[in-house]
Structure formats: C-alpha cells, structure tokens
>>> print(open('final-v7.cif').read())   # mmCIF, C-alpha atoms
data_query
loop_
_atom_site.group_PDB
_atom_site.id
_atom_site.type_symbol
_atom_site.label_atom_id
_atom_site.label_comp_id
_atom_site.auth_asym_id
_atom_site.auth_seq_id
_atom_site.Cartn_x
_atom_site.Cartn_y
_atom_site.Cartn_z
ATOM 1 C CA MET A 4 -8.914 -27.118 -2.892
ATOM 2 C CA GLU A 5 -12.673 -26.571 -3.250
ATOM 3 C CA PRO A 6 -14.054 -25.506 -6.689
ATOM 4 C CA SER A 7 -14.882 -21.998 -5.464
ATOM 5 C CA ALA A 8 -11.296 -21.297 -4.390
ATOM 6 C CA PRO A 9 -10.044 -19.913 -7.749
ATOM 7 C CA ARG A 10 -13.069 -17.610 -7.930
ATOM 8 C CA ASN A 11 -12.527 -16.436 -4.366
ATOM 9 C CA GLU A 12 -8.862 -15.784 -5.143
ATOM 10 C CA GLY A 13 -9.867 -13.731 -8.166
ATOM 11 C CA ILE A 14 -12.309 -11.629 -6.144
ATOM 12 C CA ALA A 15 -9.733 -11.035 -3.408
ATOM 13 C CA THR A 16 -7.129 -10.084 -6.028
ATOM 14 C CA GLY A 17 -9.597 -7.607 -7.525
ATOM 15 C CA LEU A 18 -10.135 -6.032 -4.107
ATOM 16 C CA GLY A 19 -6.379 -5.527 -3.880
ATOM 17 C CA LEU A 20 -6.457 -3.673 -7.204
ATOM 18 C CA VAL A 21 -9.194 -1.390 -5.857
ATOM 19 C CA ALA A 22 -6.956 -0.640 -2.858
ATOM 20 C CA ILE A 23 -4.178 0.333 -5.264
ATOM 21 C CA LEU A 24 -6.562 2.708 -7.057
ATOM 22 C CA LEU A 25 -7.508 4.322 -3.756
ATOM 23 C CA TRP A 26 -3.864 4.724 -2.756
ATOM 24 C CA SER A 27 -3.199 6.392 -6.096
ATOM 25 C CA SER A 28 -5.329 9.355 -5.005
ATOM 26 C CA LEU A 29 -3.344 9.851 -1.808
ATOM 27 C CA ALA A 30 -0.731 12.255 -3.229
ATOM 28 C CA SER A 31 -3.260 14.709 -4.623
ATOM 29 C CA VAL A 32 -5.410 14.535 -1.480
ATOM 30 C CA THR A 33 -2.457 14.941 0.871
ATOM 31 C CA ALA A 34 -1.356 18.052 -1.039
ATOM 32 C CA ALA A 35 -4.508 19.773 0.184
ATOM 33 C CA VAL A 36 -3.525 19.228 3.831
ATOM 34 C CA ALA A 37 0.232 19.630 3.540
ATOM 35 C CA GLN A 38 0.426 21.976 6.550
ATOM 36 C CA ILE A 39 -0.942 19.347 8.944
ATOM 37 C CA PRO A 40 1.914 17.577 10.825
ATOM 38 C CA PRO A 41 2.377 13.981 9.626
ATOM 39 C CA PHE A 42 1.619 12.101 12.841
ATOM 40 C CA GLU A 43 -1.423 14.278 13.504
ATOM 41 C CA LEU A 44 -2.617 13.359 10.015
ATOM 42 C CA VAL A 45 -1.977 9.671 10.745
ATOM 43 C CA ALA A 46 -3.936 9.928 14.013
ATOM 44 C CA LEU A 47 -6.895 11.615 12.317
ATOM 45 C CA SER A 48 -6.824 9.333 9.280
ATOM 46 C CA PHE A 49 -6.698 6.083 11.244
ATOM 47 C CA ALA A 50 -9.409 7.296 13.613
ATOM 48 C CA LEU A 51 -11.588 7.597 10.504
ATOM 49 C CA SER A 52 -10.249 4.260 9.279
ATOM 50 C CA THR A 53 -11.543 2.734 12.496
ATOM 51 C CA MET A 54 -14.978 4.142 11.717
ATOM 52 C CA ALA A 55 -14.719 2.807 8.155
ATOM 53 C CA GLY A 56 -14.654 -0.648 9.724
ATOM 54 C CA LEU A 57 -18.392 -0.314 10.342
ATOM 55 C CA GLY A 58 -18.911 0.160 6.616
ATOM 56 C CA TRP A 59 -16.701 -2.834 5.868
ATOM 57 C CA ALA A 60 -18.738 -4.933 8.290
ATOM 58 C CA ALA A 61 -21.914 -3.988 6.441
ATOM 59 C CA ILE A 62 -20.390 -4.775 3.038
ATOM 60 C CA SER A 63 -18.602 -8.012 3.931
ATOM 61 C CA GLY A 64 -21.072 -9.410 6.433
ATOM 62 C CA GLU A 65 -18.332 -9.867 9.037
ATOM 63 C CA ARG A 66 -19.531 -9.439 12.611
ATOM 64 C CA LEU A 67 -17.894 -7.409 15.359
ATOM 65 C CA SER A 68 -18.270 -10.397 17.671
ATOM 66 C CA ALA A 69 -15.707 -12.252 15.533
ATOM 67 C CA LEU A 70 -13.002 -9.897 16.821
ATOM 68 C CA ARG A 71 -13.042 -11.643 20.191
ATOM 69 C CA GLY A 72 -11.325 -14.640 18.626
ATOM 70 C CA VAL A 73 -8.502 -12.739 16.906
ATOM 71 C CA PRO A 74 -5.118 -13.998 18.167
ATOM 72 C CA LEU A 75 -2.667 -11.642 19.825
ATOM 73 C CA GLY A 76 -0.132 -12.308 17.074
ATOM 74 C CA TYR A 77 -2.385 -10.683 14.494
ATOM 75 C CA TRP A 78 -2.935 -7.583 16.631
ATOM 76 C CA LEU A 79 0.823 -7.189 17.043
ATOM 77 C CA LEU A 80 1.374 -7.756 13.313
ATOM 78 C CA GLY A 81 -1.250 -5.132 12.461
ATOM 79 C CA VAL A 82 0.242 -2.439 14.683
ATOM 80 C CA TYR A 83 3.711 -3.333 13.376
ATOM 81 C CA GLY A 84 2.489 -2.923 9.806
ATOM 82 C CA LEU A 85 0.230 0.113 9.992
ATOM 83 C CA PHE A 86 1.992 2.209 12.623
ATOM 84 C CA GLY A 87 5.524 0.934 11.961
ATOM 85 C CA TYR A 88 5.280 1.598 8.239
ATOM 86 C CA HIS A 89 3.909 5.114 8.572
ATOM 87 C CA ALA A 90 6.373 6.035 11.341
ATOM 88 C CA ALA A 91 9.327 4.901 9.207
ATOM 89 C CA TYR A 92 7.940 6.444 6.031
ATOM 90 C CA PHE A 93 7.232 9.856 7.515
ATOM 91 C CA TYR A 94 10.644 9.890 9.203
ATOM 92 C CA ALA A 95 12.174 9.147 5.805
ATOM 93 C CA LEU A 96 10.257 12.015 4.185
ATOM 94 C CA GLN A 97 11.531 14.388 6.875
ATOM 95 C CA ASN A 98 15.181 13.341 6.547
ATOM 96 C CA ALA A 99 15.628 12.530 2.863
ATOM 97 C CA PRO A 100 14.330 14.161 -0.340
ATOM 98 C CA ALA A 101 10.777 12.977 -1.005
ATOM 99 C CA VAL A 102 11.628 11.598 -4.461
ATOM 100 C CA GLU A 103 14.482 9.487 -3.142
ATOM 101 C CA ALA A 104 12.514 8.320 -0.112
ATOM 102 C CA ASN A 105 9.649 7.260 -2.366
ATOM 103 C CA LEU A 106 12.016 5.456 -4.706
ATOM 104 C CA ILE A 107 13.407 3.337 -1.872
ATOM 105 C CA ASN A 108 9.971 2.894 -0.287
ATOM 106 C CA TYR A 109 8.610 1.441 -3.515
ATOM 107 C CA LEU A 110 10.834 -1.566 -3.133
ATOM 108 C CA TRP A 111 7.934 -3.097 -1.182
ATOM 109 C CA PRO A 112 6.047 -4.502 -4.200
ATOM 110 C CA LEU A 113 9.220 -6.277 -5.335
ATOM 111 C CA LEU A 114 9.776 -7.589 -1.807
ATOM 112 C CA ILE A 115 6.203 -8.920 -1.710
ATOM 113 C CA VAL A 116 6.846 -10.862 -4.914
ATOM 114 C CA VAL A 117 10.078 -12.338 -3.566
ATOM 115 C CA LEU A 118 8.943 -12.967 0.026
ATOM 116 C CA SER A 119 5.784 -14.748 -1.122
ATOM 117 C CA ALA A 120 8.041 -17.644 -2.127
ATOM 118 C CA LEU A 121 8.772 -18.227 1.572
ATOM 119 C CA LEU A 122 5.135 -18.980 2.384
ATOM 120 C CA PRO A 123 4.059 -22.617 2.802
ATOM 121 C CA ALA A 124 2.158 -24.025 -0.158
ATOM 122 C CA ALA A 125 -0.804 -24.634 2.159
ATOM 123 C CA VAL A 126 -1.407 -20.890 2.476
ATOM 124 C CA GLY A 127 -0.794 -19.953 -1.142
ATOM 125 C CA GLY A 128 2.987 -19.990 -1.425
ATOM 126 C CA ARG A 129 4.206 -20.529 -4.971
ATOM 127 C CA ARG A 130 7.642 -21.310 -6.310
ATOM 128 C CA LEU A 131 9.394 -18.194 -7.568
ATOM 129 C CA ARG A 132 9.725 -18.268 -11.356
ATOM 130 C CA TRP A 133 11.649 -16.123 -13.804
ATOM 131 C CA TRP A 134 8.543 -14.271 -14.989
ATOM 132 C CA HIS A 135 7.762 -13.131 -11.436
ATOM 133 C CA LEU A 136 11.176 -11.510 -11.110
ATOM 134 C CA ALA A 137 11.053 -10.092 -14.658
ATOM 135 C CA GLY A 138 7.623 -8.555 -14.090
ATOM 136 C CA ALA A 139 8.630 -7.093 -10.737
ATOM 137 C CA ALA A 140 11.850 -5.700 -12.211
ATOM 138 C CA MET A 141 9.914 -3.966 -15.006
ATOM 139 C CA GLY A 142 7.514 -2.543 -12.451
ATOM 140 C CA PHE A 143 10.392 -1.179 -10.405
ATOM 141 C CA ALA A 144 11.922 0.233 -13.597
ATOM 142 C CA SER A 145 8.694 2.161 -14.191
ATOM 143 C CA THR A 146 9.038 3.684 -10.720
ATOM 144 C CA LEU A 147 12.588 4.729 -11.575
ATOM 145 C CA VAL A 148 11.344 6.338 -14.786
ATOM 146 C CA ILE A 149 8.608 8.273 -12.978
ATOM 147 C CA LEU A 150 10.680 9.439 -10.033
ATOM 148 C CA LEU A 151 13.971 10.147 -11.797
ATOM 149 C CA GLY A 152 12.669 11.375 -15.134
ATOM 150 C CA ARG A 153 10.642 14.329 -13.954
ATOM 151 C CA GLU A 154 10.278 17.719 -15.571
ATOM 152 C CA ASN A 155 13.096 19.052 -13.413
ATOM 153 C CA GLY A 156 15.531 16.739 -15.168
ATOM 154 C CA GLY A 157 15.819 14.206 -12.374
ATOM 155 C CA VAL A 158 17.132 14.325 -8.836
ATOM 156 C CA GLY A 159 20.497 14.267 -7.190
ATOM 157 C CA LEU A 160 20.683 10.958 -5.376
ATOM 158 C CA LEU A 161 21.956 10.499 -1.831
ATOM 159 C CA SER A 162 21.653 14.155 -0.870
ATOM 160 C CA GLY A 163 19.803 13.560 2.412
ATOM 161 C CA VAL A 164 20.572 12.305 5.910
ATOM 162 C CA PRO A 165 21.667 8.615 5.901
ATOM 163 C CA SER A 166 19.089 7.701 8.547
ATOM 164 C CA GLY A 167 16.381 8.937 6.185
ATOM 165 C CA TYR A 168 17.360 6.356 3.577
ATOM 166 C CA VAL A 169 17.548 3.645 6.229
ATOM 167 C CA ALA A 170 14.037 4.585 7.359
ATOM 168 C CA ALA A 171 12.728 4.464 3.774
ATOM 169 C CA PHE A 172 14.162 0.975 3.329
ATOM 170 C CA ALA A 173 12.738 -0.011 6.716
ATOM 171 C CA ALA A 174 9.318 1.182 5.530
ATOM 172 C CA ALA A 175 9.577 -1.059 2.467
ATOM 173 C CA VAL A 176 10.582 -4.040 4.598
ATOM 174 C CA ILE A 177 7.864 -3.410 7.186
ATOM 175 C CA TRP A 178 5.037 -3.098 4.666
ATOM 176 C CA SER A 179 6.116 -6.085 2.573
ATOM 177 C CA THR A 180 6.636 -8.386 5.559
ATOM 178 C CA TYR A 181 3.343 -7.244 7.111
ATOM 179 C CA SER A 182 1.511 -7.882 3.847
ATOM 180 C CA VAL A 183 2.980 -11.329 3.243
ATOM 181 C CA ALA A 184 2.700 -12.392 6.899
ATOM 182 C CA SER A 185 -0.997 -11.493 6.818
ATOM 183 C CA ARG A 186 -1.405 -14.620 4.712
ATOM 184 C CA LEU A 187 -0.638 -16.685 7.802
ATOM 185 C CA TYR A 188 -3.789 -15.249 9.388
ATOM 186 C CA ALA A 189 -6.132 -15.954 6.480
ATOM 187 C CA GLY A 190 -8.800 -17.117 8.933
ATOM 188 C CA VAL A 191 -8.871 -13.766 10.722
ATOM 189 C CA PRO A 192 -11.662 -11.500 9.415
ATOM 190 C CA SER A 193 -10.470 -8.363 7.639
ATOM 191 C CA LEU A 194 -12.659 -6.441 10.078
ATOM 192 C CA ALA A 195 -9.762 -6.891 12.516
ATOM 193 C CA VAL A 196 -8.110 -3.996 10.652
ATOM 194 C CA MET A 197 -10.592 -1.889 12.597
ATOM 195 C CA GLY A 198 -8.766 -2.778 15.816
ATOM 196 C CA THR A 199 -5.269 -2.243 14.415
ATOM 197 C CA SER A 200 -6.393 1.084 12.934
ATOM 198 C CA ALA A 201 -7.600 2.193 16.379
ATOM 199 C CA ALA A 202 -4.281 1.188 17.956
ATOM 200 C CA THR A 203 -2.365 2.995 15.193
ATOM 201 C CA SER A 204 -4.431 6.140 15.708
ATOM 202 C CA VAL A 205 -3.763 6.113 19.460
ATOM 203 C CA ALA A 206 -0.021 5.521 18.953
ATOM 204 C CA ALA A 207 0.225 8.305 16.354
ATOM 205 C CA PHE A 208 -1.751 10.636 18.644
ATOM 206 C CA CYS A 209 0.715 10.029 21.474
ATOM 207 C CA VAL A 210 3.722 10.660 19.203
ATOM 208 C CA SER A 211 2.101 13.783 17.778
ATOM 209 C CA CYS A 212 1.324 15.208 21.221
ATOM 210 C CA ALA A 213 4.930 14.595 22.272
ATOM 211 C CA PHE A 214 6.725 16.013 19.231
ATOM 212 C CA GLU A 215 4.293 18.061 17.108
ATOM 213 C CA THR A 216 2.097 21.140 17.407
ATOM 214 C CA TRP A 217 -1.411 20.367 16.234
ATOM 215 C CA VAL A 218 -2.726 22.323 13.259
ATOM 216 C CA TRP A 219 -6.431 21.836 12.584
ATOM 217 C CA PRO A 220 -7.769 21.968 9.004
ATOM 218 C CA SER A 221 -8.541 25.586 8.192
ATOM 219 C CA SER A 222 -11.198 25.227 5.482
ATOM 220 C CA THR A 223 -14.090 23.057 4.378
ATOM 221 C CA LEU A 224 -11.955 21.727 1.518
ATOM 222 C CA GLN A 225 -9.255 20.592 3.942
ATOM 223 C CA TRP A 226 -11.779 18.909 6.219
ATOM 224 C CA MET A 227 -13.207 17.099 3.177
ATOM 225 C CA ALA A 228 -9.689 16.034 2.163
ATOM 226 C CA VAL A 229 -9.012 14.621 5.644
ATOM 227 C CA LEU A 230 -12.395 12.859 5.624
ATOM 228 C CA PHE A 231 -11.821 11.311 2.199
ATOM 229 C CA GLN A 232 -8.283 10.270 3.089
ATOM 230 C CA GLY A 233 -9.385 8.627 6.334
ATOM 231 C CA LEU A 234 -12.315 6.780 4.787
ATOM 232 C CA GLY A 235 -10.719 5.947 1.429
ATOM 233 C CA PRO A 236 -6.930 5.625 0.899
ATOM 234 C CA VAL A 237 -6.253 5.188 4.633
ATOM 235 C CA GLY A 238 -9.608 3.597 5.457
ATOM 236 C CA LEU A 239 -11.382 1.178 3.154
ATOM 237 C CA ALA A 240 -8.163 0.541 1.211
ATOM 238 C CA PHE A 241 -6.554 -1.260 4.161
ATOM 239 C CA TYR A 242 -9.542 -3.567 4.596
ATOM 240 C CA LEU A 243 -9.447 -4.399 0.887
ATOM 241 C CA TRP A 244 -5.687 -4.894 1.011
ATOM 242 C CA ASP A 245 -5.983 -7.188 4.007
ATOM 243 C CA ARG A 246 -8.460 -9.414 2.156
ATOM 244 C CA ALA A 247 -6.231 -9.435 -0.944
ATOM 245 C CA MET A 248 -3.147 -10.414 1.055
ATOM 246 C CA LYS A 249 -4.993 -13.233 2.820
ATOM 247 C CA ARG A 250 -6.904 -14.729 -0.095
ATOM 248 C CA GLY A 251 -5.699 -13.164 -3.344
ATOM 249 C CA HIS A 252 -2.801 -13.792 -5.728
ATOM 250 C CA LEU A 253 0.090 -12.208 -3.827
ATOM 251 C CA ARG A 254 2.486 -11.839 -6.737
ATOM 252 C CA LEU A 255 -0.048 -10.371 -9.143
ATOM 253 C CA VAL A 256 -1.154 -7.826 -6.538
ATOM 254 C CA GLY A 257 2.460 -7.085 -5.621
ATOM 255 C CA ILE A 258 3.425 -6.400 -9.222
ATOM 256 C CA ALA A 259 0.256 -4.389 -9.871
ATOM 257 C CA SER A 260 1.203 -2.225 -6.883
ATOM 258 C CA TYR A 261 3.827 -0.600 -9.071
ATOM 259 C CA ALA A 262 0.947 1.136 -10.808
ATOM 260 C CA THR A 263 0.432 3.257 -7.676
ATOM 261 C CA PRO A 264 3.100 5.916 -8.419
ATOM 262 C CA LEU A 265 2.087 5.889 -12.093
ATOM 263 C CA LEU A 266 -1.624 6.341 -11.412
ATOM 264 C CA SER A 267 -0.813 8.945 -8.777
ATOM 265 C CA THR A 268 1.134 10.920 -11.368
ATOM 266 C CA ILE A 269 -1.722 10.638 -13.877
ATOM 267 C CA ILE A 270 -4.179 11.971 -11.283
ATOM 268 C CA LEU A 271 -1.842 14.890 -10.629
ATOM 269 C CA VAL A 272 -1.817 15.554 -14.392
ATOM 270 C CA LEU A 273 -5.613 15.425 -14.588
ATOM 271 C CA THR A 274 -5.940 17.819 -11.659
ATOM 272 C CA GLY A 275 -3.441 20.242 -13.197
ATOM 273 C CA ALA A 276 -0.751 19.732 -10.562
ATOM 274 C CA SER A 277 1.641 18.217 -13.107
ATOM 275 C CA THR A 278 2.024 17.900 -16.884
ATOM 276 C CA ALA A 279 2.018 14.840 -19.108
ATOM 277 C CA SER A 280 5.251 13.804 -20.815
ATOM 278 C CA GLU A 281 6.762 11.030 -22.896
ATOM 279 C CA THR A 282 8.349 9.749 -19.698
ATOM 280 C CA LEU A 283 4.916 9.218 -18.155
ATOM 281 C CA TRP A 284 3.635 7.172 -21.082
ATOM 282 C CA PHE A 285 6.841 5.115 -21.205
ATOM 283 C CA ALA A 286 6.342 4.314 -17.526
ATOM 284 C CA ALA A 287 2.766 3.273 -18.319
ATOM 285 C CA LEU A 288 4.079 0.854 -20.941
ATOM 286 C CA LEU A 289 6.563 -0.628 -18.470
ATOM 287 C CA VAL A 290 3.884 -1.137 -15.817
ATOM 288 C CA THR A 291 1.527 -2.796 -18.299
ATOM 289 C CA ALA A 292 4.213 -5.074 -19.699
ATOM 290 C CA GLY A 293 5.512 -5.912 -16.232
ATOM 291 C CA ALA A 294 2.045 -6.869 -15.004
ATOM 292 C CA ALA A 295 1.478 -9.026 -18.075
ATOM 293 C CA ILE A 296 4.797 -10.841 -17.681
ATOM 294 C CA GLY A 297 4.423 -11.164 -13.918
ATOM 295 C CA GLY A 298 1.055 -12.802 -14.445
ATOM 296 C CA GLY A 299 2.754 -15.759 -16.098
ATOM 297 C CA ASP A 300 1.032 -18.135 -13.664
ATOM 298 C CA VAL A 301 -2.286 -17.285 -15.295
ATOM 299 C CA TRP A 302 -1.071 -17.536 -18.887
ATOM 300 C CA PHE A 303 0.877 -20.766 -18.424
ATOM 301 C CA ALA A 304 -1.892 -22.367 -16.401
ATOM 302 C CA ARG A 305 -4.332 -21.545 -19.199
ATOM 303 C CA ARG A 306 -1.963 -23.008 -21.790
ATOM 304 C CA ARG A 307 -1.624 -26.253 -19.841
ATOM 305 C CA SER A 308 -5.398 -26.547 -19.516
ATOM 306 C CA THR A 309 -6.025 -26.255 -23.274
#
>>> encode(input="final-v7.cif", output="structure tokens")
Amino acid sequence: MEPSAPRNEGIATGLGLVAILLWSSLASVTAAVAQIPPFELVALSFALSTMAGLGWAAISGERLSALRGVPLGYWLLGVYGLFGYHAAYFYALQNAPAVEANLINYLWPLLIVVLSALLPAAVGGRRLRWWHLAGAAMGFASTLVILLGRENGGVGLLSGVPSGYVAAFAAAVIWSTYSVASRLYAGVPSLAVMGTSAATSVAAFCVSCAFETWVWPSSTLQWMAVLFQGLGPVGLAFYLWDRAMKRGHLRLVGIASYATPLLSTIILVLTGASTASETLWFAALLVTAGAAIGGGDVWFARRRST
C-alpha cells in the first residue's frame, strides 16, 4: 500500500463523519415540510441531489466525462441503495410507529460493522474483532436509550402492522449492503451518485404520481427547507458517504453513524422542538464510549508501532 493510503483513508473517513452531521439535521428540516407526501419529497430532494453533483465535481475535481466508464453494476447498486432504502423506509413509517421503525432502521450501522468482515482484504476488509462488536453494541444501546427513553415514558413495542416492521428491517439491510458493496467499486468516481440520484428522483416521481397527490411547499420557509434538504442531507451527504464507503474506515464510520439519532435529538433540543434530559446525556456517553472502543484498530495499531 502506498504511503499516502493511510492519509487518504483518514480524509475519506472524515468525509463520512460530515455526512453523518448533515443527516443529523434531517429530522428538524423534514418537520418543516411534513405535509408534503414522502415520495414527492424524495423526488424533489433527489432532483436537487442531482444538481448538487455539479458542486461535488467542482470540489473533488472529478469530471463528468468519467461517468461514461461507470459499470452497469454500480448503477444498479446505486438505484437499489438510494431508491430501495427510501421506499422501504417510508413504507415502514406509514405502517409502523415512527419510533419503532427508526429503532429497527438503525440496525444498519451495526450491519455495516459486521458485513465489512466479508469484504476481501484487497479492498479494505478487516477481520472482525471483539472491540468492533462491543463498540457497535454500545452505539445501538444509545439508540435504544434515545428512542425508548423519551419524555413520554417510552413506546409500546410491536403496535403496528407486521409489514411495517419487515420494511424497516429491509431498509436497514438495503442501506448496509449498499454501503459495504460500494467498496467493491472504489475505482468509480463518487460523482456517479449524480446519476443514481437522477434515477432515484425519476422512480420516486413515478411512484408519487401513481399513489400520491402532490402538495407544493406553501411558504418561503418550506421552499428553503426543501432546498436545504435536497442540497445537504439528501444531496452532498450522499457524495461524501460514497467516498467514505469506498476509501474510508468502514467500521469507524459505521459505529460513528450511531451518533445520527443522538445529534438529531440535540438539534431538536437547540431548536426548541424537544427538551434536554438525563437520558439524552447518557446516550451521548454511550455513543462516545462506543466510538472509542470500536476504534480499537487505531489504538492497538498505535500501541504496536511504539
């Protein structure tokens, strides 16, 4: 491996953390456009995500001409991941309580940690160690604390339609397998997300026209929320995530992903949509400890080098 590889991995891992930060704002932004049907919102957001690809090209230096060499397998994987995940996730939200659907959906960081062990060593696969599982388990525990320890005293589990829970689990499987499988296409420029975003927008538009009644944003604030969502959490974030999955430290990013529901809750607190509690800070401790333990590769590698 060339000397610059560790540095490149660190940069790509950092980009994944930025994607997590962007996704953390999604709950508060989506609340401003709650009346817009889900697939319409997906169509609008990924149309903007397609446009965000031009910004990514300017930042990364990747050229649009490089898209001509992208293999069909990657295009299919991208549509499977972006459209498949959102279709399953939104179905889950419509057929199971949101808290429970989110709880099951947030199995995907744990699945990324576990599935990364199946990758060949040549593309960054690493043997699964006890600290990976311990860190992931603590991260998942923090999600349990956040989602089940709310101000309302928790939720009654399994109170929705069974297919809703199946869809939530399917969403977790789709996103984790898409993320890990992206590693097999490390040579494909992240700008290719521009093409998969366009395909996702078209697919969501077709589904929305068939099953939903379109509701356009009714205020400047709502239009700004849609614009930010399409260019940020559903735009740039996917380009950053793609680079992190292809060249970053999969397990560290996977474990850090558990910070998404925590950070989302903190943003809701800061915006006045929720209140801080001991439960929130306990979840923060679990996420921090889980990330530290899950990063055992870094600590042990440093110990061996000294």
>>> closest_residue(input="final-v7.cif", among="A:Leu47, A:Ile14, A:Val169, A:Ala22", to="A:Trp244", atoms="all atoms listed in the file")
A:Ala22
>>> closest_residue(input="final-v7.cif", among="A:Ser119, A:Thr203, A:Thr282, A:Ser63", to="A:Leu187", atoms="all atoms listed in the file")
A:Ser119
>>> residues_around(input="final-v7.cif", residues="A:Val210", least_positions_apart="3", cutoff="10 Å", atoms="all atoms listed in the file", output="mmCIF file with C-alpha atoms, in the coordinates of the input")
data_model
loop_
_atom_site.group_PDB
_atom_site.id
_atom_site.type_symbol
_atom_site.label_atom_id
_atom_site.label_comp_id
_atom_site.auth_asym_id
_atom_site.auth_seq_id
_atom_site.Cartn_x
_atom_site.Cartn_y
_atom_site.Cartn_z
ATOM 1 C CA PHE A 42 1.619 12.101 12.841
ATOM 2 C CA GLU A 43 -1.423 14.278 13.504
ATOM 3 C CA ALA A 46 -3.936 9.928 14.013
ATOM 4 C CA ALA A 90 6.373 6.035 11.341
ATOM 5 C CA SER A 204 -4.431 6.140 15.708
ATOM 6 C CA VAL A 205 -3.763 6.113 19.460
ATOM 7 C CA ALA A 206 -0.021 5.521 18.953
ATOM 8 C CA ALA A 207 0.225 8.305 16.354
ATOM 9 C CA ALA A 213 4.930 14.595 22.272
ATOM 10 C CA PHE A 214 6.725 16.013 19.231
ATOM 11 C CA GLU A 215 4.293 18.061 17.108
#
>>> resolve_selection(input="final-v7.cif", expression="the PyMOL selection byres ((chain A and resi 256) around 10)", output="ChimeraX atom specification")
/A:15-20,22-23,112,115-116,244,247-248,251-255,257-261,294,297-298
>>> atom_distance(input="final-v7.cif", atom1="atom CA of A:Arg246", atom2="atom CA of A:Leu118")
17.9 Å
>>> residues_around(input="final-v7.cif", residues="A:Leu44", least_positions_apart="3", cutoff="10 Å", atoms="all atoms listed in the file", output="list in words")
Thr33, Val36, Ala37, Gln38, Ile39, Pro40, Pro41, Leu47, Ser48, Phe49, Ala50, Ser204, Ala207, Phe208, Ser211, Trp217, Val218, Trp219, Val229, Gln232 and Gly233 of chain A
>>> closest_residue(input="final-v7.cif", among="A:Tyr92, A:Trp226, A:Tyr242, A:Phe285", to="A:Ala104", atoms="all atoms listed in the file")
A:Tyr92
>>> atom_distance(input="final-v7.cif", atom1="atom CA of A:Ser166", atom2="atom CA of A:Ala35")
27.8 Å
>>> atom_distance(input="final-v7.cif", atom1="atom CA of A:Val272", atom2="atom CA of A:Trp284")
12.0 Å
>>> resolve_selection(input="final-v7.cif", expression="the PyMOL selection byres ((chain A and resi 59) around 12)", output="ChimeraX atom specification")
/A:52-58,60-67,192-197,234-235,238-243,245-246
>>> resolve_selection(input="final-v7.cif", expression="the PyMOL selection byres ((chain A and resi 172) around 9)", output="list in words")
Ala91, Tyr92, Ala95, Ala104, Ile107, Asn108, Tyr109, Leu110, Trp111, Gly167, Tyr168, Val169, Ala170, Ala171, Ala173, Ala174, Ala175, Val176 and Ile177 of chain A
>>> closest_residue(input="final-v7.cif", among="A:Tyr181, A:Trp26, A:Trp134, A:Phe143", to="A:Gly84", atoms="all atoms listed in the file")
A:Tyr181
>>> residues_around(input="final-v7.cif", residues="A:Ala30", least_positions_apart="2", cutoff="12 Å", atoms="all atoms listed in the file", output="ChimeraX atom specification")
/A:24-28,32-37,101,105,228,232,236-237,263-272,274,276-277
>>> decode(input="final-v7.cif", residues="stretch 25-76 of chain A", atoms="C-alpha atoms", output="PDB file, in the first residue's frame")
ATOM      1  CA  LEU A  25     -25.663  16.573   7.614  1.00  0.00           C
ATOM      2  CA  TRP A  26     -28.041  13.659   8.159  1.00  0.00           C
ATOM      3  CA  SER A  27     -28.455  14.756  11.765  1.00  0.00           C
ATOM      4  CA  SER A  28     -30.262  17.889  10.571  1.00  0.00           C
ATOM      5  CA  LEU A  29     -32.763  15.900   8.525  1.00  0.00           C
ATOM      6  CA  ALA A  30     -35.381  15.439  11.275  1.00  0.00           C
ATOM      7  CA  SER A  31     -35.674  19.130  12.077  1.00  0.00           C
ATOM      8  CA  VAL A  32     -35.705  20.100   8.391  1.00  0.00           C
ATOM      9  CA  THR A  33     -38.267  17.460   7.455  1.00  0.00           C
ATOM     10  CA  ALA A  34     -40.575  18.711  10.221  1.00  0.00           C
ATOM     11  CA  ALA A  35     -40.958  21.944   8.274  1.00  0.00           C
ATOM     12  CA  VAL A  36     -42.325  20.084   5.235  1.00  0.00           C
ATOM     13  CA  ALA A  37     -44.276  17.352   6.992  1.00  0.00           C
ATOM     14  CA  GLN A  38     -47.372  17.871   4.812  1.00  0.00           C
ATOM     15  CA  ILE A  39     -45.508  17.001   1.604  1.00  0.00           C
ATOM     16  CA  PRO A  40     -46.098  13.325   0.621  1.00  0.00           C
ATOM     17  CA  PRO A  41     -42.971  11.201   1.159  1.00  0.00           C
ATOM     18  CA  PHE A  42     -42.297  10.086  -2.411  1.00  0.00           C
ATOM     19  CA  GLU A  43     -42.892  13.603  -3.718  1.00  0.00           C
ATOM     20  CA  LEU A  44     -40.307  14.784  -1.194  1.00  0.00           C
ATOM     21  CA  VAL A  45     -37.901  12.061  -2.354  1.00  0.00           C
ATOM     22  CA  ALA A  46     -38.414  13.091  -5.995  1.00  0.00           C
ATOM     23  CA  LEU A  47     -37.778  16.764  -5.235  1.00  0.00           C
ATOM     24  CA  SER A  48     -34.847  16.074  -2.919  1.00  0.00           C
ATOM     25  CA  PHE A  49     -33.013  13.749  -5.300  1.00  0.00           C
ATOM     26  CA  ALA A  50     -33.617  16.105  -8.219  1.00  0.00           C
ATOM     27  CA  LEU A  51     -31.701  18.676  -6.165  1.00  0.00           C
ATOM     28  CA  SER A  52     -29.177  15.999  -5.222  1.00  0.00           C
ATOM     29  CA  THR A  53     -28.541  15.512  -8.925  1.00  0.00           C
ATOM     30  CA  MET A  54     -27.800  19.219  -9.229  1.00  0.00           C
ATOM     31  CA  ALA A  55     -25.524  19.016  -6.177  1.00  0.00           C
ATOM     32  CA  GLY A  56     -23.351  16.709  -8.264  1.00  0.00           C
ATOM     33  CA  LEU A  57     -22.122  19.768 -10.162  1.00  0.00           C
ATOM     34  CA  GLY A  58     -20.884  21.232  -6.891  1.00  0.00           C
ATOM     35  CA  TRP A  59     -19.216  17.946  -5.984  1.00  0.00           C
ATOM     36  CA  ALA A  60     -17.480  17.903  -9.362  1.00  0.00           C
ATOM     37  CA  ALA A  61     -16.089  21.370  -8.693  1.00  0.00           C
ATOM     38  CA  ILE A  62     -14.898  20.422  -5.200  1.00  0.00           C
ATOM     39  CA  SER A  63     -13.447  16.994  -5.984  1.00  0.00           C
ATOM     40  CA  GLY A  64     -12.106  17.673  -9.457  1.00  0.00           C
ATOM     41  CA  GLU A  65     -13.969  14.670 -10.874  1.00  0.00           C
ATOM     42  CA  ARG A  66     -15.085  15.120 -14.473  1.00  0.00           C
ATOM     43  CA  LEU A  67     -18.494  14.358 -15.936  1.00  0.00           C
ATOM     44  CA  SER A  68     -16.770  12.510 -18.769  1.00  0.00           C
ATOM     45  CA  ALA A  69     -15.667   9.867 -16.243  1.00  0.00           C
ATOM     46  CA  LEU A  70     -19.291   8.735 -15.919  1.00  0.00           C
ATOM     47  CA  ARG A  71     -19.115   7.086 -19.333  1.00  0.00           C
ATOM     48  CA  GLY A  72     -16.914   4.365 -17.873  1.00  0.00           C
ATOM     49  CA  VAL A  73     -19.113   3.519 -14.874  1.00  0.00           C
ATOM     50  CA  PRO A  74     -20.128  -0.166 -14.995  1.00  0.00           C
ATOM     51  CA  LEU A  75     -23.774  -1.170 -15.102  1.00  0.00           C
ATOM     52  CA  GLY A  76     -23.389  -3.000 -11.793  1.00  0.00           C
TER      53      GLY A  76
END
